[in-house]
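K.L.:
work_12.tsv is reproduced in full below (TSV, C-alpha atoms).
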```tsv
chain	number	residue	atom	x	y	z
A	1	MET	CA	-3.01	28.13	22.28
A	2	ILE	CA	-4.76	28.93	25.57
A	3	LYS	CA	-2.81	28.53	28.78
A	4	PHE	CA	-3.75	29.16	32.40
A	5	LEU	CA	-0.78	28.89	34.76
A	6	ASP	CA	-1.61	28.87	38.49
A	7	VAL	CA	-4.34	31.46	37.95
A	8	CYS	CA	-6.12	32.90	40.98
A	9	LYS	CA	-8.93	35.44	40.89
A	10	THR	CA	-10.37	37.14	43.96
A	11	TYR	CA	-13.06	39.76	43.41
A	12	ALA	CA	-13.37	43.00	45.35
A	13	ASN	CA	-16.13	41.52	47.52
A	14	GLY	CA	-13.74	38.79	48.67
A	15	THR	CA	-15.10	35.98	46.49
A	16	LYS	CA	-12.30	33.60	45.49
A	17	ALA	CA	-13.47	32.51	42.06
A	18	LEU	CA	-10.32	30.68	40.94
A	19	LYS	CA	-7.71	29.10	43.21
A	20	GLY	CA	-4.60	28.18	41.26
A	21	VAL	CA	-6.12	26.95	37.99
A	22	THR	CA	-3.69	25.44	35.47
A	23	PHE	CA	-4.54	23.96	32.07
A	24	THR	CA	-3.51	24.23	28.42
A	25	VAL	CA	-5.69	24.06	25.32
A	26	ASN	CA	-3.64	23.41	22.19
A	27	ASP	CA	-4.44	24.78	18.75
A	28	GLY	CA	-7.22	22.79	17.08
A	29	GLU	CA	-8.55	21.15	20.25
A	30	PHE	CA	-12.20	20.90	21.26
A	31	VAL	CA	-12.54	21.21	25.04
A	32	PHE	CA	-15.51	21.33	27.39
A	33	ILE	CA	-15.15	23.28	30.63
A	34	VAL	CA	-17.78	22.00	33.03
A	35	GLY	CA	-18.89	22.51	36.59
A	36	PRO	CA	-21.81	23.63	38.72
A	37	SER	CA	-23.00	27.21	39.06
A	38	GLY	CA	-20.44	29.27	40.96
A	39	SER	CA	-17.57	26.92	40.17
A	40	GLY	CA	-15.50	29.56	38.34
A	41	LYS	CA	-16.45	28.85	34.73
A	42	SER	CA	-17.69	32.38	34.04
A	43	THR	CA	-14.50	33.85	35.47
A	44	ILE	CA	-12.46	31.81	33.00
A	45	VAL	CA	-14.50	33.33	30.15
A	46	LYS	CA	-14.02	36.85	31.51
A	47	LEU	CA	-10.27	36.33	31.87
A	48	LEU	CA	-9.94	35.10	28.29
A	49	CYS	CA	-11.83	38.12	26.98
A	50	GLY	CA	-9.82	40.56	29.08
A	51	GLU	CA	-12.95	41.61	30.94
A	52	VAL	CA	-11.24	40.96	34.28
A	53	ARG	CA	-7.59	40.48	35.24
A	54	PRO	CA	-6.16	37.62	37.31
A	55	THR	CA	-5.17	38.36	40.89
A	56	SER	CA	-2.12	36.19	40.30
A	57	GLY	CA	-0.86	33.70	37.75
A	58	ARG	CA	-0.66	34.01	33.98
A	59	VAL	CA	-3.22	33.75	31.17
A	60	THR	CA	-1.89	33.21	27.64
A	61	LEU	CA	-4.01	33.42	24.51
A	62	GLY	CA	-2.39	33.00	21.12
A	63	ASP	CA	0.34	35.59	20.65
A	64	TYR	CA	-0.70	37.38	23.86
A	65	ASP	CA	1.65	35.84	26.40
A	66	ASP	CA	0.28	37.63	29.48
A	67	VAL	CA	-3.31	38.77	29.03
A	68	GLY	CA	-3.51	39.95	32.64
A	69	ASN	CA	-0.90	42.65	32.04
A	70	LEU	CA	-2.10	43.66	28.59
A	71	PRO	CA	-2.66	47.44	28.32
A	72	ASP	CA	-6.32	48.37	27.91
A	73	ARG	CA	-5.75	49.75	24.42
A	74	TYR	CA	-4.84	46.24	23.19
A	75	ILE	CA	-7.91	44.48	24.59
A	76	PRO	CA	-10.02	45.06	21.41
A	77	TYR	CA	-7.26	43.39	19.39
A	78	LEU	CA	-7.19	40.47	21.81
A	79	ARG	CA	-10.92	40.01	21.38
A	80	ARG	CA	-10.52	39.73	17.62
A	81	GLU	CA	-8.66	36.47	18.26
A	82	ILE	CA	-11.82	35.00	19.81
A	83	GLY	CA	-15.31	34.50	18.43
A	84	VAL	CA	-17.65	34.43	21.42
A	85	VAL	CA	-21.05	32.73	21.45
A	86	PHE	CA	-23.35	33.63	24.36
A	87	GLN	CA	-26.37	31.90	25.84
A	88	ASP	CA	-28.64	34.87	25.16
A	89	PHE	CA	-27.58	35.24	21.49
A	90	ARG	CA	-27.14	39.06	21.72
A	91	LEU	CA	-28.41	39.72	18.22
A	92	ILE	CA	-29.34	43.24	17.10
A	93	ALA	CA	-33.13	43.26	16.90
A	94	ASP	CA	-33.55	45.82	14.11
A	95	LYS	CA	-30.99	44.22	11.78
A	96	THR	CA	-31.51	41.23	9.50
A	97	VAL	CA	-29.52	38.01	9.83
A	98	TYR	CA	-27.19	39.22	7.06
A	99	GLU	CA	-26.81	42.64	8.67
A	100	ASN	CA	-26.09	41.15	12.10
A	101	VAL	CA	-23.19	39.15	10.71
A	102	ALA	CA	-21.95	41.93	8.41
A	103	PHE	CA	-21.94	44.35	11.35
A	104	VAL	CA	-19.15	42.38	13.03
A	105	MET	CA	-16.99	42.70	9.92
A	106	ARG	CA	-17.68	46.41	9.60
A	107	ALA	CA	-16.66	46.88	13.23
A	108	ILE	CA	-13.08	45.91	12.35
A	109	GLY	CA	-12.98	47.97	9.15
A	110	ALA	CA	-13.80	45.34	6.51
A	111	ARG	CA	-14.82	46.75	3.14
A	112	GLY	CA	-17.96	46.11	1.16
A	113	LYS	CA	-16.63	43.54	-1.29
A	114	ALA	CA	-15.06	41.47	1.48
A	115	ILE	CA	-18.34	41.55	3.41
A	116	GLN	CA	-20.39	40.58	0.35
A	117	LYS	CA	-18.12	37.57	-0.22
A	118	ARG	CA	-17.63	36.40	3.36
A	119	VAL	CA	-21.08	36.75	4.94
A	120	PRO	CA	-23.00	34.49	2.51
A	121	TYR	CA	-20.27	31.85	2.84
A	122	ILE	CA	-20.53	31.84	6.65
A	123	LEU	CA	-24.34	31.79	6.61
A	124	GLU	CA	-24.18	28.77	4.30
A	125	LEU	CA	-21.62	27.10	6.57
A	126	VAL	CA	-23.91	27.29	9.61
A	127	GLY	CA	-27.04	26.39	7.65
A	128	ILE	CA	-28.91	29.67	7.94
A	129	SER	CA	-28.43	31.25	4.48
A	130	HIS	CA	-32.13	30.81	3.65
A	131	LYS	CA	-32.98	33.20	6.51
A	132	ALA	CA	-30.53	35.96	5.54
A	133	ASP	CA	-33.28	38.59	5.15
A	134	ARG	CA	-35.17	37.70	8.32
A	135	TYR	CA	-35.02	39.57	11.62
A	136	PRO	CA	-34.11	37.88	14.92
A	137	ASP	CA	-37.69	37.84	16.22
A	138	GLU	CA	-38.70	35.86	13.12
A	139	LEU	CA	-36.29	33.05	13.96
A	140	SER	CA	-36.49	30.07	16.30
A	141	GLY	CA	-34.08	29.81	19.22
A	142	GLY	CA	-31.91	27.34	17.34
A	143	GLU	CA	-31.79	29.60	14.29
A	144	GLN	CA	-30.84	32.58	16.43
A	145	GLN	CA	-27.98	30.61	17.95
A	146	ARG	CA	-26.79	29.66	14.45
A	147	VAL	CA	-26.68	33.36	13.61
A	148	ALA	CA	-24.70	33.96	16.80
A	149	ILE	CA	-22.22	31.26	15.72
A	150	ALA	CA	-22.00	32.80	12.23
A	151	ARG	CA	-21.24	36.15	13.80
A	152	ALA	CA	-18.53	34.59	15.95
A	153	LEU	CA	-16.97	32.89	12.90
A	154	VAL	CA	-17.15	35.65	10.31
A	155	ASN	CA	-13.85	37.34	11.18
A	156	ASN	CA	-12.06	33.98	11.03
A	157	PRO	CA	-10.94	33.81	14.68
A	158	GLU	CA	-8.44	31.25	15.90
A	159	ILE	CA	-10.70	30.34	18.83
A	160	ILE	CA	-14.45	29.96	19.33
A	161	LEU	CA	-15.46	30.46	22.97
A	162	ALA	CA	-19.02	29.31	23.58
A	163	ASP	CA	-20.40	30.33	26.98
A	164	GLU	CA	-23.40	28.11	27.83
A	165	PRO	CA	-24.43	28.18	24.14
A	166	THR	CA	-27.29	25.70	24.55
A	167	GLY	CA	-28.74	27.11	27.77
A	168	ASN	CA	-31.89	28.39	26.08
A	169	LEU	CA	-32.40	25.45	23.72
A	170	ASP	CA	-34.23	22.14	23.98
A	171	PRO	CA	-32.20	18.89	23.96
A	172	ASP	CA	-32.59	18.21	20.23
A	173	LEU	CA	-31.46	21.71	19.26
A	174	SER	CA	-28.66	21.56	21.81
A	175	LEU	CA	-27.33	18.42	20.16
A	176	GLU	CA	-27.66	20.02	16.74
A	177	LEU	CA	-25.74	23.12	17.76
A	178	MET	CA	-22.99	21.14	19.47
A	179	THR	CA	-22.62	19.03	16.35
A	180	LEU	CA	-22.17	22.23	14.36
A	181	LEU	CA	-19.44	23.40	16.74
A	182	SER	CA	-17.76	20.01	16.37
A	183	GLU	CA	-17.82	20.38	12.58
A	184	ILE	CA	-16.29	23.85	12.89
A	185	ASN	CA	-13.57	22.35	15.07
A	186	ASN	CA	-12.90	19.71	12.40
A	187	ARG	CA	-12.04	22.58	10.04
A	188	GLY	CA	-9.18	23.58	12.36
A	189	THR	CA	-10.73	26.15	14.71
A	190	THR	CA	-10.04	25.71	18.43
A	191	VAL	CA	-13.36	25.37	20.28
A	192	LEU	CA	-13.83	25.92	24.02
A	193	VAL	CA	-17.35	25.24	25.33
A	194	VAL	CA	-18.34	26.27	28.85
A	195	THR	CA	-21.38	24.36	30.04
A	196	HIS	CA	-23.06	22.55	32.92
A	197	GLU	CA	-25.04	20.13	30.73
A	198	ASP	CA	-23.48	16.77	31.56
A	199	GLU	CA	-25.70	14.70	29.27
A	200	LEU	CA	-24.70	16.79	26.28
A	201	VAL	CA	-21.02	16.63	27.20
A	202	ASN	CA	-21.14	12.86	27.52
A	203	THR	CA	-22.58	12.53	24.00
A	204	PHE	CA	-19.35	13.87	22.53
A	205	LYS	CA	-16.06	12.14	23.24
A	206	LYS	CA	-14.04	15.31	23.74
A	207	ARG	CA	-11.64	16.50	26.39
A	208	VAL	CA	-13.42	17.60	29.56
A	209	ILE	CA	-11.97	19.96	32.17
A	210	ALA	CA	-14.10	19.97	35.33
A	211	ILE	CA	-14.00	22.91	37.75
A	212	GLU	CA	-15.38	22.87	41.28
A	213	GLU	CA	-15.10	25.73	43.78
A	214	GLY	CA	-12.40	27.39	41.71
A	215	ILE	CA	-10.18	24.30	41.39
A	216	VAL	CA	-9.61	21.91	38.47
A	217	VAL	CA	-10.82	18.56	39.79
A	218	SER	CA	-10.60	16.55	36.58
A	219	ASP	CA	-9.04	16.82	33.11
A	220	ARG	CA	-9.77	13.92	30.79
A	221	LYS	CA	-9.54	13.36	27.06
A	222	GLY	CA	-12.69	11.70	25.85
A	223	GLY	CA	-13.76	11.88	29.47
A	224	TYR	CA	-17.07	11.35	31.19
A	225	TYR	CA	-18.57	14.18	33.18
A	226	GLY	CA	-20.55	13.02	36.19
A	227	LYS	CA	-20.63	12.77	39.95
A	228	GLY	CA	-17.25	13.58	41.44
A	229	ASP	CA	-16.10	15.50	38.35
A	230	GLY	CA	-17.08	19.02	39.26
A	231	ARG	CA	-20.74	18.20	39.65
A	232	VAL	CA	-22.69	18.74	42.85
```
Represent the supplied structure as structure tokens.

P.N.:
Amino acid sequence: MIKFLDVCKTYANGTKALKGVTFTVNDGEFVFIVGPSGSGKSTIVKLLCGEVRPTSGRVTLGDYDDVGNLPDRYIPYLRREIGVVFQDFRLIADKTVYENVAFVMRAIGARGKAIQKRVPYILELVGISHKADRYPDELSGGEQQRVAIARALVNNPEIILADEPTGNLDPDLSLELMTLLSEINNRGTTVLVVTHEDELVNTFKKRVIAIEEGIVVSDRKGGYYGKGDGRV
């Protein structure tokens, strides 16, 4: 479960990014967080990853009841609970698709046999197994994002956090990737997608939390994202 309870975040330069944000994402939900640039979406991502701490309020993620007060030494363990997918893919250029995904498992101490079993399964799941021996620069943008999703999934996280995952993709590929995330959610993984693409959001009848100027202005199940719902 993800829970924000009256969360405020003011940065050192005085920017008030969040102003009393409260919402809960239950296990197994698929939720879009939407809003214009500067609305506070990126701060929510940073808070969930332990990259920044709330000025006030409480952030809960899974078994971590108060992420804001979590000692630094526990942050790497917190991040293992989340598979993060970024807009810019962040693949390692000199490693193959297989090696990029295996690297994430090695980082947490997985052994060879476990890697050899898990990585091919995940590559098959996201539809990229036929490119296992290719390097990132040999892939299309959509294929690179599939590798990024595979990497986020490989350690079997409870939550997938996708931060503008379709920002560098054309509309057809964006729809394809969002469909893949929906299928992953159907397998039981909680999926939280941060985006500003209203047309894409409206294609999927999921819960939509809209943020504007650091405040939740709308929270609808199967909702429509449009004018007056966190959009300028």

K.L.:
Per residue of segment 149-206 of chain A within 12 Å of segment 4-25 of chain A, note the shortest atom pair and the distance in Å to one decimal, counting all atoms listed in the file, and order the rows by chain and increasing residue number, as a tab-separated table.

P.N.:
```
residue	atom	partner	partner_atom	distance
A:Ile159	CA	A:Val25	CA	10.3
A:Leu161	CA	A:Val25	CA	11.9
A:Thr189	CA	A:Val25	CA	11.9
A:Thr190	CA	A:Val25	CA	8.3
A:Val191	CA	A:Val25	CA	9.3
A:Leu192	CA	A:Val25	CA	8.5
A:Val193	CA	A:Val25	CA	11.7
```

K.L.:
I need the residue nearest Thr179 of chain A from this list: A:Arg146, A:Arg111, A:Arg207, A:Arg58. Use all atoms listed in the file for the distance.

P.N.:
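Selected residue with least distance to Thr179 of chain A: A:Arg146.
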
K.L.:
To one decimal place, how far is atom CA of Pro71 of chain A from atom CA of Leu47 of chain A in Å?

P.N.:
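For atom CA of Pro71 of chain A relative to atom CA of Leu47 of chain A, the distance reads 13.9 Å.
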
K.L.:
Each side padded by 3 Å, which centre and which edge lengths in Å (one decimal) define the axis-aligned box around the listed atoms of segment 151-162 of chain A? Give them as AutoDock Vina command-line options.

P.N.:
```
--center_x -14.8 --center_y 33.3 --center_z 16.9 --size_x 18.8 --size_y 14.0 --size_z 19.3
```

K.L.:
Please measure the separation of atom CA of Ile75 of chain A and atom CA of Cys49 of chain A, giving the value in Å to one decimal.

P.N.:
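Separation between atom CA of Ile75 of chain A and atom CA of Cys49 of chain A: 7.8 Å.
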
K.L.:
Counting only C-alpha atoms, figure out which residue out of A:Glu138, A:Glu183, A:Asp88, A:Glu213 gets nearest to Thr166 of chain A.

P.N.:
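Among the listed residues, A:Asp88 lies closest to Thr166 of chain A.
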
K.L.:
Using only C-alpha atoms, can you tell me which of A:Asp163, A:Glu176, A:Glu29, A:Glu199 comes closest to Leu48 of chain A?

P.N.:
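Between A:Asp163, A:Glu176, A:Glu29, A:Glu199, the residue approaching Leu48 of chain A most closely is A:Asp163.
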
K.L.:
In Å, how far is it from atom CA of Asp94 of chain A to atom CA of Ala132 of chain A?

P.N.:
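Computed distance, atom CA of Asp94 of chain A to atom CA of Ala132 of chain A, equals 13.4 Å.
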
K.L.:
Go ahead and find all residues with at least one atom no further than 9 Å from (-21.8, 36.5, 14.8) in the file's coordinates, using all atoms listed in the file; report them as a PDB file with C-alpha atoms, in the coordinates of the input.

P.N.:
```pdb
ATOM      1  CA  GLY A  83     -15.310  34.500  18.430  1.00  0.00           C
ATOM      2  CA  VAL A  84     -17.650  34.430  21.420  1.00  0.00           C
ATOM      3  CA  VAL A  85     -21.050  32.730  21.450  1.00  0.00           C
ATOM      4  CA  PHE A  89     -27.580  35.240  21.490  1.00  0.00           C
ATOM      5  CA  LEU A  91     -28.410  39.720  18.220  1.00  0.00           C
ATOM      6  CA  ASN A 100     -26.090  41.150  12.100  1.00  0.00           C
ATOM      7  CA  VAL A 101     -23.190  39.150  10.710  1.00  0.00           C
ATOM      8  CA  ALA A 102     -21.950  41.930   8.410  1.00  0.00           C
ATOM      9  CA  PHE A 103     -21.940  44.350  11.350  1.00  0.00           C
ATOM     10  CA  VAL A 104     -19.150  42.380  13.030  1.00  0.00           C
ATOM     11  CA  ARG A 146     -26.790  29.660  14.450  1.00  0.00           C
ATOM     12  CA  VAL A 147     -26.680  33.360  13.610  1.00  0.00           C
ATOM     13  CA  ALA A 148     -24.700  33.960  16.800  1.00  0.00           C
ATOM     14  CA  ILE A 149     -22.220  31.260  15.720  1.00  0.00           C
ATOM     15  CA  ALA A 150     -22.000  32.800  12.230  1.00  0.00           C
ATOM     16  CA  ARG A 151     -21.240  36.150  13.800  1.00  0.00           C
ATOM     17  CA  ALA A 152     -18.530  34.590  15.950  1.00  0.00           C
ATOM     18  CA  LEU A 153     -16.970  32.890  12.900  1.00  0.00           C
ATOM     19  CA  VAL A 154     -17.150  35.650  10.310  1.00  0.00           C
ATOM     20  CA  ASN A 155     -13.850  37.340  11.180  1.00  0.00           C
TER      21      ASN A 155
END
```

K.L.:
Near Ser174 of chain A, counting all atoms listed in the file, which residues have an atom at most 10 Å away, once you skip same-chain residues fewer than 5 positions from it, shown as a PyMOL selection string?

P.N.:
chain A and resi 142+145+165-169+179-180+197+200
